[in-house]
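Structure first, then comments.
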Amino acid sequence: MTVEGLIKEKIRQEGRVISDDILKVDSFLNHQIDPLLMLEIGKEFAHRFGGEGVTKVLTVEASGIAVALMTGLSLKVPVVFAKKKQPSTMGTDTYCGQVRSFTREEVIEIVVAGSYLGPTDRVLVIDDFLASGEAARGLLKIIEQAGATLVGFGTVIEKVFQSGGDFLREKGIRVESLVRIGSLAGGQIEFID
Ligand code: 5GP
């Protein structure tokens, strides 16, 4: 089975529709993590973006890390995750972006240390979900501040009824989503092929 098929099967069996726009996949992606599935996902992103000369994989803590790590493993490049709180050990040379949290309804600052991204980097952004694109916007700001080049955006699940995918594609950014969901209305998960 393809990795897209594996993810869809998991979503069908274990996903829970929380509301018309939230899908809970805590059993394999967002709380408990299925490492073998993550590895296959990482390989798939590495395959799709393999010819792009990626030097860093970038994500946001915490849910993006597992997928990003496996992608970095397959591409053999370092993985950087933006932190949601600046630790005192980080120093002042930092890149920052703002993210409006979809699930928690607050604006948070995400931070990456200046030493881990720079103008020579070709960055692949990886995340678990693409919804309204808020996390993506924050990460784009960080890449811009670093003077790095964005190669593309890879997401495990894209909810196409929210605006994030359109926002990125309209900017000319390559978006690769492994599974696309057209609707969660009425508790029904509708996939788009
Ligand atoms: P965005 O910034 O694109 O609105 O959403 C990005 C983040 O919000 C994702 O990385 C994910 O952690 C969280 N998120 C968005 N939609 C969902 C959802 O339907 N289910 C879960 N579990 N998380 C979501």
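Going by the structure tokens order, chains are called A, B, ..., each with residues numbered from 1, while ligands are numbered from 1 in the order shown.
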- Hey, what does DSSP flag as helix (DSSP H, G or I) within stretch 49-130 of chain A? Can you give it to me as a PyMOL selection string? chain A and resi 50-52+65-75+88-90+114-116
Generate a file of the selected residues that holds N, CA, C and O atoms, formatted as a PDB file, in the first residue's frame.
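File result39.pdb, as written:
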```
ATOM      1  N   GLY A  50      13.403  15.411  -3.043  1.00  0.00           N
ATOM      2  CA  GLY A  50      14.786  14.940  -3.128  1.00  0.00           C
ATOM      3  C   GLY A  50      15.687  15.718  -4.074  1.00  0.00           C
ATOM      4  O   GLY A  50      16.876  15.863  -3.819  1.00  0.00           O
ATOM      5  N   GLY A  51      15.136  16.254  -5.149  1.00  0.00           N
ATOM      6  CA  GLY A  51      15.983  16.940  -6.132  1.00  0.00           C
ATOM      7  C   GLY A  51      16.170  18.420  -5.857  1.00  0.00           C
ATOM      8  O   GLY A  51      16.702  19.151  -6.698  1.00  0.00           O
ATOM      9  N   GLU A  52      15.750  18.880  -4.696  1.00  0.00           N
ATOM     10  CA  GLU A  52      15.703  20.330  -4.444  1.00  0.00           C
ATOM     11  C   GLU A  52      16.899  20.880  -3.668  1.00  0.00           C
ATOM     12  O   GLU A  52      16.922  22.051  -3.329  1.00  0.00           O
ATOM     13  N   ILE A  65       7.460  17.684  14.922  1.00  0.00           N
ATOM     14  CA  ILE A  65       8.832  17.200  15.085  1.00  0.00           C
ATOM     15  C   ILE A  65       9.015  15.765  14.587  1.00  0.00           C
ATOM     16  O   ILE A  65       9.991  15.468  13.888  1.00  0.00           O
ATOM     17  N   ALA A  66       8.090  14.885  14.897  1.00  0.00           N
ATOM     18  CA  ALA A  66       8.265  13.475  14.523  1.00  0.00           C
ATOM     19  C   ALA A  66       8.362  13.330  13.000  1.00  0.00           C
ATOM     20  O   ALA A  66       9.258  12.653  12.485  1.00  0.00           O
ATOM     21  N   VAL A  67       7.478  13.984  12.294  1.00  0.00           N
ATOM     22  CA  VAL A  67       7.463  13.894  10.829  1.00  0.00           C
ATOM     23  C   VAL A  67       8.698  14.578  10.241  1.00  0.00           C
ATOM     24  O   VAL A  67       9.329  14.063   9.308  1.00  0.00           O
ATOM     25  N   ALA A  68       9.031  15.731  10.792  1.00  0.00           N
ATOM     26  CA  ALA A  68      10.197  16.465  10.296  1.00  0.00           C
ATOM     27  C   ALA A  68      11.473  15.658  10.528  1.00  0.00           C
ATOM     28  O   ALA A  68      12.357  15.598   9.656  1.00  0.00           O
ATOM     29  N   LEU A  69      11.569  15.018  11.686  1.00  0.00           N
ATOM     30  CA  LEU A  69      12.770  14.242  12.008  1.00  0.00           C
ATOM     31  C   LEU A  69      12.967  13.105  11.001  1.00  0.00           C
ATOM     32  O   LEU A  69      14.082  12.882  10.511  1.00  0.00           O
ATOM     33  N   MET A  70      11.895  12.411  10.689  1.00  0.00           N
ATOM     34  CA  MET A  70      11.997  11.296   9.745  1.00  0.00           C
ATOM     35  C   MET A  70      12.314  11.790   8.337  1.00  0.00           C
ATOM     36  O   MET A  70      13.000  11.107   7.577  1.00  0.00           O
ATOM     37  N   THR A  71      11.833  12.978   8.007  1.00  0.00           N
ATOM     38  CA  THR A  71      12.148  13.560   6.700  1.00  0.00           C
ATOM     39  C   THR A  71      13.637  13.928   6.652  1.00  0.00           C
ATOM     40  O   THR A  71      14.329  13.646   5.670  1.00  0.00           O
ATOM     41  N   GLY A  72      14.110  14.531   7.745  1.00  0.00           N
ATOM     42  CA  GLY A  72      15.529  14.884   7.829  1.00  0.00           C
ATOM     43  C   GLY A  72      16.419  13.654   7.787  1.00  0.00           C
ATOM     44  O   GLY A  72      17.488  13.663   7.159  1.00  0.00           O
ATOM     45  N   LEU A  73      15.964  12.584   8.440  1.00  0.00           N
ATOM     46  CA  LEU A  73      16.717  11.323   8.427  1.00  0.00           C
ATOM     47  C   LEU A  73      16.850  10.804   6.993  1.00  0.00           C
ATOM     48  O   LEU A  73      17.932  10.411   6.559  1.00  0.00           O
ATOM     49  N   SER A  74      15.744  10.816   6.270  1.00  0.00           N
ATOM     50  CA  SER A  74      15.759  10.307   4.901  1.00  0.00           C
ATOM     51  C   SER A  74      16.567  11.201   3.963  1.00  0.00           C
ATOM     52  O   SER A  74      17.210  10.713   3.044  1.00  0.00           O
ATOM     53  N   LEU A  75      16.504  12.509   4.201  1.00  0.00           N
ATOM     54  CA  LEU A  75      17.266  13.441   3.344  1.00  0.00           C
ATOM     55  C   LEU A  75      18.711  13.614   3.830  1.00  0.00           C
ATOM     56  O   LEU A  75      19.525  14.241   3.156  1.00  0.00           O
ATOM     57  N   SER A  88      16.025  30.824  28.068  1.00  0.00           N
ATOM     58  CA  SER A  88      17.031  31.820  28.469  1.00  0.00           C
ATOM     59  C   SER A  88      18.395  31.491  27.883  1.00  0.00           C
ATOM     60  O   SER A  88      19.255  32.352  27.751  1.00  0.00           O
ATOM     61  N   THR A  89      18.604  30.226  27.489  1.00  0.00           N
ATOM     62  CA  THR A  89      19.898  29.807  26.936  1.00  0.00           C
ATOM     63  C   THR A  89      20.066  30.201  25.468  1.00  0.00           C
ATOM     64  O   THR A  89      21.139  30.024  24.902  1.00  0.00           O
ATOM     65  N   MET A  90      19.028  30.737  24.835  1.00  0.00           N
ATOM     66  CA  MET A  90      19.081  30.943  23.393  1.00  0.00           C
ATOM     67  C   MET A  90      19.869  32.185  22.960  1.00  0.00           C
ATOM     68  O   MET A  90      20.374  32.265  21.864  1.00  0.00           O
ATOM     69  N   GLY A 114      19.599  32.142  15.693  1.00  0.00           N
ATOM     70  CA  GLY A 114      20.270  32.618  14.480  1.00  0.00           C
ATOM     71  C   GLY A 114      21.303  31.654  13.939  1.00  0.00           C
ATOM     72  O   GLY A 114      21.563  31.621  12.724  1.00  0.00           O
ATOM     73  N   SER A 115      21.878  30.839  14.809  1.00  0.00           N
ATOM     74  CA  SER A 115      22.965  29.947  14.369  1.00  0.00           C
ATOM     75  C   SER A 115      22.484  28.757  13.533  1.00  0.00           C
ATOM     76  O   SER A 115      23.287  28.084  12.907  1.00  0.00           O
ATOM     77  N   TYR A 116      21.175  28.478  13.538  1.00  0.00           N
ATOM     78  CA  TYR A 116      20.710  27.257  12.856  1.00  0.00           C
ATOM     79  C   TYR A 116      20.038  27.482  11.511  1.00  0.00           C
ATOM     80  O   TYR A 116      19.612  26.525  10.869  1.00  0.00           O
TER      81      TYR A 116
END
```
- Message: To check your reading of the model: which residues sit at most 9 Å from ligand 1 when counting only C-alpha atoms and all ligand atoms? Write the answer as a PyMOL selection string.
- Response: chain A and resi 17-19+21-26+29-30+59-64+99-104+127-138+155+157-159+162-165
- What does the distance from atom CA of A:Gly15 to atom CA of A:Asp166 come to in Å, to one decimal? 24.5 Å
- Length of the atom CA of A:Val156 to atom CA of A:Asp20 vector [Å]: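 Atom CA of A:Val156 sits 19.1 Å away from atom CA of A:Asp20.
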- Item | Secondary structure check, strand (DSSP E) residues of stretch 77-146 of chain A, as a list in words |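 Residues meeting the strand (DSSP E) criterion: Val79, Val80, Phe81, Ala82, Thr94, Tyr95, Cys96, Gly97, Gln98, Val99, Arg100, Val107, Ile108, Glu109, Ile110, Val111, Val112, Ala113, Arg122, Val123, Leu124, Val125, Ile126, Asp127, Asp128, Phe129 and Leu130 of chain A.
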